[in-house]
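Participant: First the structure, then my questions, so here it is.
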Amino acid sequence: MARPLIIPLLLFLNSAYAQTHLELKPGDTLKYSPQSYKPSWISVQSADANLGIALFMDGKKLKEQDDSRGIKSIERLYFTPEKGKKYEVKIWAKSYLEKSKIVKVSIAESKSVPVLNGQFSSDQFVEDLRTFRLIRGKANSGLYVYRSKKQIDSIYQQAEAEARNSKNIFDFYKIIARLTGFEGSCHNYTDLPNHASYYLTQKPEYLPITLKNIDGRLLQDSKEAAIPLGAEILSINGVPAKEMISRFSQYYFSDGYSMPYKETTGFERGMLDKFYMEFGNHKNYVIRYQWNGAVKEVSLEGIPLESFKKLQESRYSLAFDKKLLSEKYSFSKEGEGIYRLSLRGFDFATGKEDPAYKKFSVFLDQMMDTLEKEKIQNLIIDLRGNTGGTGALYEKVFSYLTQRPFRDSHYAYTQFNEVPLEEKLIITPLFLSNGVQDKHGLNAYLKQLYPKSVQGKYYWADDKNPSVLPNERTFKGQLYLLVDQRVASAASHLASLIKSYTNAVVIGKETVGGYYEHNGHLPLVYELPNTGIQTGFSIVHVIQDAQNLPDQKRGQGIIPHVTIQQTDQEFLDQTDVYLKKVAELRKQ
């Protein structure tokens with residue numbers, strides 16, 4: 001249980017309340033009562049840890065925030081007090097450098113906050129780039145899976161020249177992001193220490209519309225905008241839509257060479273930060289668009305960042321996604337003789353001993369009761385939006401769909417069982433939730449899982465990768481598998497097994513997760529010494545239990561048998577084109 005440390009009354013300095021050198025231990029929580037009775041910014045920072053914060057009013061949580069991921073990063077919360085209400089901010093360490101156990105925290109309240117300075121010397125950028133490569137070489141088993149050493153050497157040689165010419169942290173981050181994506185793993189992660197918006201202007205210079213990539217076309221995605229909902233955006237400030245899609249894709253990562261996820265995700269997740277890093281913010285936006293067969297052009301003034309946040313959070317396409325992703329799993333009748341098993345994530349249980357796993361097992365047994373009782377011969381497995389989670393959950397699902405034993409992988413390995421470069425290692429929330437607080441705990445964990453060394457690789461212990469038997473009752477009718485570009489990790493692993501070993505008709509889009517192999521299981525995160533940019537990757541290379549198929553090339557995600565495309569009218573009507581396609585196929 002967290003042990004709260006009560007912060008004493010703050011000193012009034014330079015029109016801001018401030019308190020420094022507060023000690024925070026892992027597992028502890030600081031409590032802070034805001035001193036200002038007027039709208040103000042609360043800024044929280046530590047030189048040793050990444051902090052999470054939450055604002056409470058009369059004991060009820062109003063907001064929890066972890067905008068920034070880096071050590072030395074800042075969390076900023078705008079606070080608008082109501083008269084007669086009691087407010088409290090709670091602060092805790094979400095992660096910290098391996099060498100830092102006790103961290104110091106500073107808190108400040110102010111009327112405004114400065115734009116962060118992301119300036120570094122060219123030598124600092126080059127040092128961080130070399131450190132970045134050293135980390136990948138020593139710890140990342142996926143570095144040379146899809147790229148040769150010659151290709152890696154070449155791109156780093158080019159990157160060093162670009163790093164020397166970088167003017168600010170955004171320039172350097174673009175280089176690091178491109179290197180991260182070049183490796184080919186959807187579990188790769190590289191991000192700025194602070195949220196990008198903290199480096200950007202607070203003037204009204206943000207895009208006054210939202211965008212959605214529908215099959216390579218950018219559609220206007222807000223009812224509240226000056227341009228009609230569903231209009232096709234052809235260019236913004238002279239940048240064509242195809243160029244925007246291409247340049248935006250470098251910030252998102254996929255297994256192998258898969259592109260659909262990289263090309264669509266930025267318009268859903270990166271419009272608050274990476275869009276402006278790449279294309280800048282402007283007082284005016286000249287937008288060319290097509291509507292009802294006519295090409296039009298309009299000049300719109302930029303809007304404040306907070307207004308754009310609200311626009312992005314209320315975009316039209318979110319309603320369909322919220323409905324789709326409302327439950328982690330469900331079972332529903334979709335017509336005469338057909339049911340749908342929807343699986344939106346495998347992160348609701350940590351393993352077989354978790355009560356949530358046992359509840360899920362009962363759910364699957366009840367599903368089989370229904371299918372057998374009604375003699376159902378058609379079953380949809382809907383994995384759309386499923387980004388993965390616990391392996392035991394996808395294995396449980398597949399045991400009801402197969403008549404053959406299977407394993408998580410043919411084999412899996414890492415490059416080490418003692419963590420390298422531990423002085424730059426971040427102890428992450430995943431480690432902390434499993435009781436790992438430093439390199440010693442991590443090394444003990446690694447030696448347990450990867451005890452064998454064969455020719456410089458440490459292989460997953462046989463007892464951790466057992467043969468999984470089919471359930472006593474399995475579905476033997478026709479399967480339809482629905483996948484989209486977001487399907488990853490454990491979910492794409494399940495999709496590869498279903499495509500490989502069942503009669504399923506796969507419908508949708510190429511997944512971000514790989515068909516034959518991927519890097520997964522255990523993520524490590526490191527921090528670069530000067531910029532504070534964090535970079536992470538899963539250290540285990542997994543060769544999946546999937547057979548060779550003629551339509552599956554190495555480096556691809558799961559390729560659908562039937563590719564889905566959506567018309568403008570289907571976008572406006574929010575038609576479920578996947579279920580529509582299943583209905584069409586059943587009529588054939």
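In the structure tokens, chains take the letters A, B, ... in the order shown, each chain's residues start at 1, and ligands count up from 1 in the order shown.
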Can you pull out the residues contacting stretch 313-317 of chain A? Cut-off 7 Å, using only C-alpha atoms, and skip same-chain residues under 6 positions away; I want them as a list in words.

Facilitator: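 Here the qualifying residues turn out to be Thr210, Asp221, Ser222 and Lys223 of chain A.
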
Participant: Can you tell me, as a list in words, what residues are no more than 8 Å from A:Thr390 when counting only C-alpha atoms, ignoring any on the same chain fewer than 2 positions away?

Facilitator: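 In the requested form, the answer reads Phe346, Asp347, Ala349, Thr350, Gly351, Gly388, Ala392, Leu393, Tyr394 and Ala490 of chain A.
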
Participant: For A:Pro529, which residue among A:His493, A:Lys375, A:Arg130, A:Lys352 is the nearest when counting only C-alpha atoms?

Facilitator: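 Counting only C-alpha atoms, the residue closest to A:Pro529 is A:Arg130.
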
Participant: Would you please work out which residue, of A:Val113, A:Val468, A:Leu401, A:Leu62, is nearest to A:Ser43 when using only C-alpha atoms?

Facilitator: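 Counting only C-alpha atoms, the residue closest to A:Ser43 is A:Val113.
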
Participant: Quick one: distance from atom CA of A:Lys373 to atom CA of A:Asn503 in Å, one decimal?

Facilitator: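 We find that atom CA of A:Lys373 and atom CA of A:Asn503 lie 21.9 Å from each other.
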
Participant: When distances are computed from only C-alpha atoms, which of A:Gly70, A:Gly52, A:Gly270, A:Gly184 shows the smallest separation from A:Asn519?

Facilitator: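 Answer, going by the shortest atom-to-atom distance: A:Gly184.
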
Participant: Determine which residues of stretch 298-524 of chain A receive a DSSP assignment of helix (DSSP H, G or I), computed from the backbone, and state them as number ranges by chain.

Facilitator: A: 305-313, 318-324, 355-373, 391-398, 422-424, 429-433, 439-449, 462-464, 489-501

Participant: Kindly indicate which residue among A:Leu481, A:Ile533, A:Leu272, A:Leu449 lies nearest to A:Ser342, using only C-alpha atoms for the distances.

Facilitator: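 Using only C-alpha atoms, A:Ser342 sits closest to A:Leu481.
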
Participant: To one decimal place in Å, what is the distance between atom CA of A:Lys203 and atom CA of A:Lys283?

Facilitator: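 Atom-to-atom, atom CA of A:Lys203 and atom CA of A:Lys283 are spaced 8.5 Å apart.
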
Participant: Give me, as a PyMOL selection string, all polymer residues having an atom no more than 9 Å from A:Arg384, counting only C-alpha atoms and skipping those fewer than 4 positions away in the same chain.

Facilitator: chain A and resi 324-325+342-344+482-487+508

Participant: Give me the residues near A:Phe279 as a PDB file with C-alpha atoms, in the first residue's frame, where near means some atom within 10 Å (using only C-alpha atoms) and where sequence neighbours in that chain fewer than 6 positions away do not count.

Facilitator:
```pdb
ATOM      1  CA  ILE A 236      -3.103  21.637 -46.611  1.00  0.00           C
ATOM      2  CA  ASN A 237      -0.835  24.641 -47.103  1.00  0.00           C
ATOM      3  CA  VAL A 239       1.253  19.715 -48.930  1.00  0.00           C
ATOM      4  CA  MET A 244       1.101  13.991 -45.485  1.00  0.00           C
ATOM      5  CA  ARG A 247       5.623  11.758 -43.868  1.00  0.00           C
ATOM      6  CA  PHE A 248       3.324  11.061 -40.930  1.00  0.00           C
TER       7      PHE A 248
END
```

Participant: For each of A:Ala546, A:Ala294, A:Leu200, A:Leu494, take the minimum atom-to-atom distance to A:Lys396, counting only C-alpha atoms, then give the residue where this is smallest.

Facilitator: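 Checking each candidate against A:Lys396, we get A:Leu494 as the closest.
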
Participant: Env of A:Leu77: 10 Å cut, atoms = only C-alpha atoms, seq-sep filter 5 positions within chain, self excluded. Answer as a PyMOL selection string.

Facilitator: chain A and resi 40-44+53-55+63-65+67+89+109

Participant: May I ask which of the residues A:Gly337, A:Ser197, A:Asp365, A:Leu51 is the closest one to A:Asn281, counting only C-alpha atoms?

Facilitator: A:Ser197

Participant: Write out as an NGL selection string which residues come within 6 Å of stretch 405-410 of chain A when counting only C-alpha atoms, dropping same-chain ones fewer than 3 positions away.

Facilitator: :A and (467-470 or 543-545)

Participant: Give me, as a ChimeraX atom specification, all polymer residues having an atom no more than 9 Å from A:Leu421, counting only C-alpha atoms and skipping those fewer than 6 positions away in the same chain.

Facilitator: /A:134-135,138-139,526

Participant: Any chance you can output those residues with all heavy atoms as an mmCIF file, in the first residue's frame?

Facilitator:
```cif
data_model
loop_
_atom_site.group_PDB
_atom_site.id
_atom_site.type_symbol
_atom_site.label_atom_id
_atom_site.label_comp_id
_atom_site.auth_asym_id
_atom_site.auth_seq_id
_atom_site.Cartn_x
_atom_site.Cartn_y
_atom_site.Cartn_z
ATOM 1 N N LEU A 134 24.254 1.835 -29.814
ATOM 2 C CA LEU A 134 24.882 0.895 -28.875
ATOM 3 C C LEU A 134 23.825 0.071 -28.151
ATOM 4 O O LEU A 134 23.962 -1.155 -27.989
ATOM 5 C CB LEU A 134 25.740 1.669 -27.871
ATOM 6 C CG LEU A 134 26.540 0.838 -26.856
ATOM 7 C CD1 LEU A 134 27.590 -0.007 -27.560
ATOM 8 C CD2 LEU A 134 27.190 1.768 -25.818
ATOM 9 N N ILE A 135 22.757 0.730 -27.710
ATOM 10 C CA ILE A 135 21.653 0.048 -27.026
ATOM 11 C C ILE A 135 21.026 -0.997 -27.948
ATOM 12 O O ILE A 135 20.812 -2.147 -27.556
ATOM 13 C CB ILE A 135 20.601 1.068 -26.559
ATOM 14 C CG1 ILE A 135 21.142 1.922 -25.409
ATOM 15 C CG2 ILE A 135 19.305 0.369 -26.138
ATOM 16 C CD1 ILE A 135 20.297 3.155 -25.111
ATOM 17 N N LYS A 138 23.394 -4.079 -28.517
ATOM 18 C CA LYS A 138 23.627 -4.967 -27.378
ATOM 19 C C LYS A 138 22.362 -5.662 -26.880
ATOM 20 O O LYS A 138 22.427 -6.758 -26.325
ATOM 21 C CB LYS A 138 24.265 -4.185 -26.224
ATOM 22 C CG LYS A 138 25.739 -3.862 -26.437
ATOM 23 C CD LYS A 138 26.337 -3.239 -25.203
ATOM 24 C CE LYS A 138 27.840 -3.041 -25.351
ATOM 25 N NZ LYS A 138 28.583 -4.319 -25.433
ATOM 26 N N ALA A 139 21.191 -5.018 -27.061
ATOM 27 C CA ALA A 139 19.990 -5.525 -26.381
ATOM 28 C C ALA A 139 18.858 -5.954 -27.306
ATOM 29 O O ALA A 139 17.966 -6.679 -26.866
ATOM 30 C CB ALA A 139 19.466 -4.449 -25.413
ATOM 31 N N TYR A 526 15.130 2.276 -22.428
ATOM 32 C CA TYR A 526 16.356 2.999 -22.076
ATOM 33 C C TYR A 526 16.142 4.491 -22.326
ATOM 34 O O TYR A 526 15.272 4.874 -23.103
ATOM 35 C CB TYR A 526 17.533 2.522 -22.920
ATOM 36 C CG TYR A 526 18.015 1.112 -22.609
ATOM 37 C CD1 TYR A 526 17.462 0.008 -23.243
ATOM 38 C CD2 TYR A 526 19.048 0.906 -21.690
ATOM 39 C CE1 TYR A 526 17.916 -1.274 -22.976
ATOM 40 C CE2 TYR A 526 19.506 -0.373 -21.422
ATOM 41 C CZ TYR A 526 18.944 -1.466 -22.064
ATOM 42 O OH TYR A 526 19.394 -2.723 -21.790
#
```

Participant: Rounded to one decimal place, report the atom CA of A:Gly557-atom CA of A:Ser492 distance in Å.

Facilitator: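 Going from atom CA of A:Gly557 over to atom CA of A:Ser492, I get 7.8 Å.
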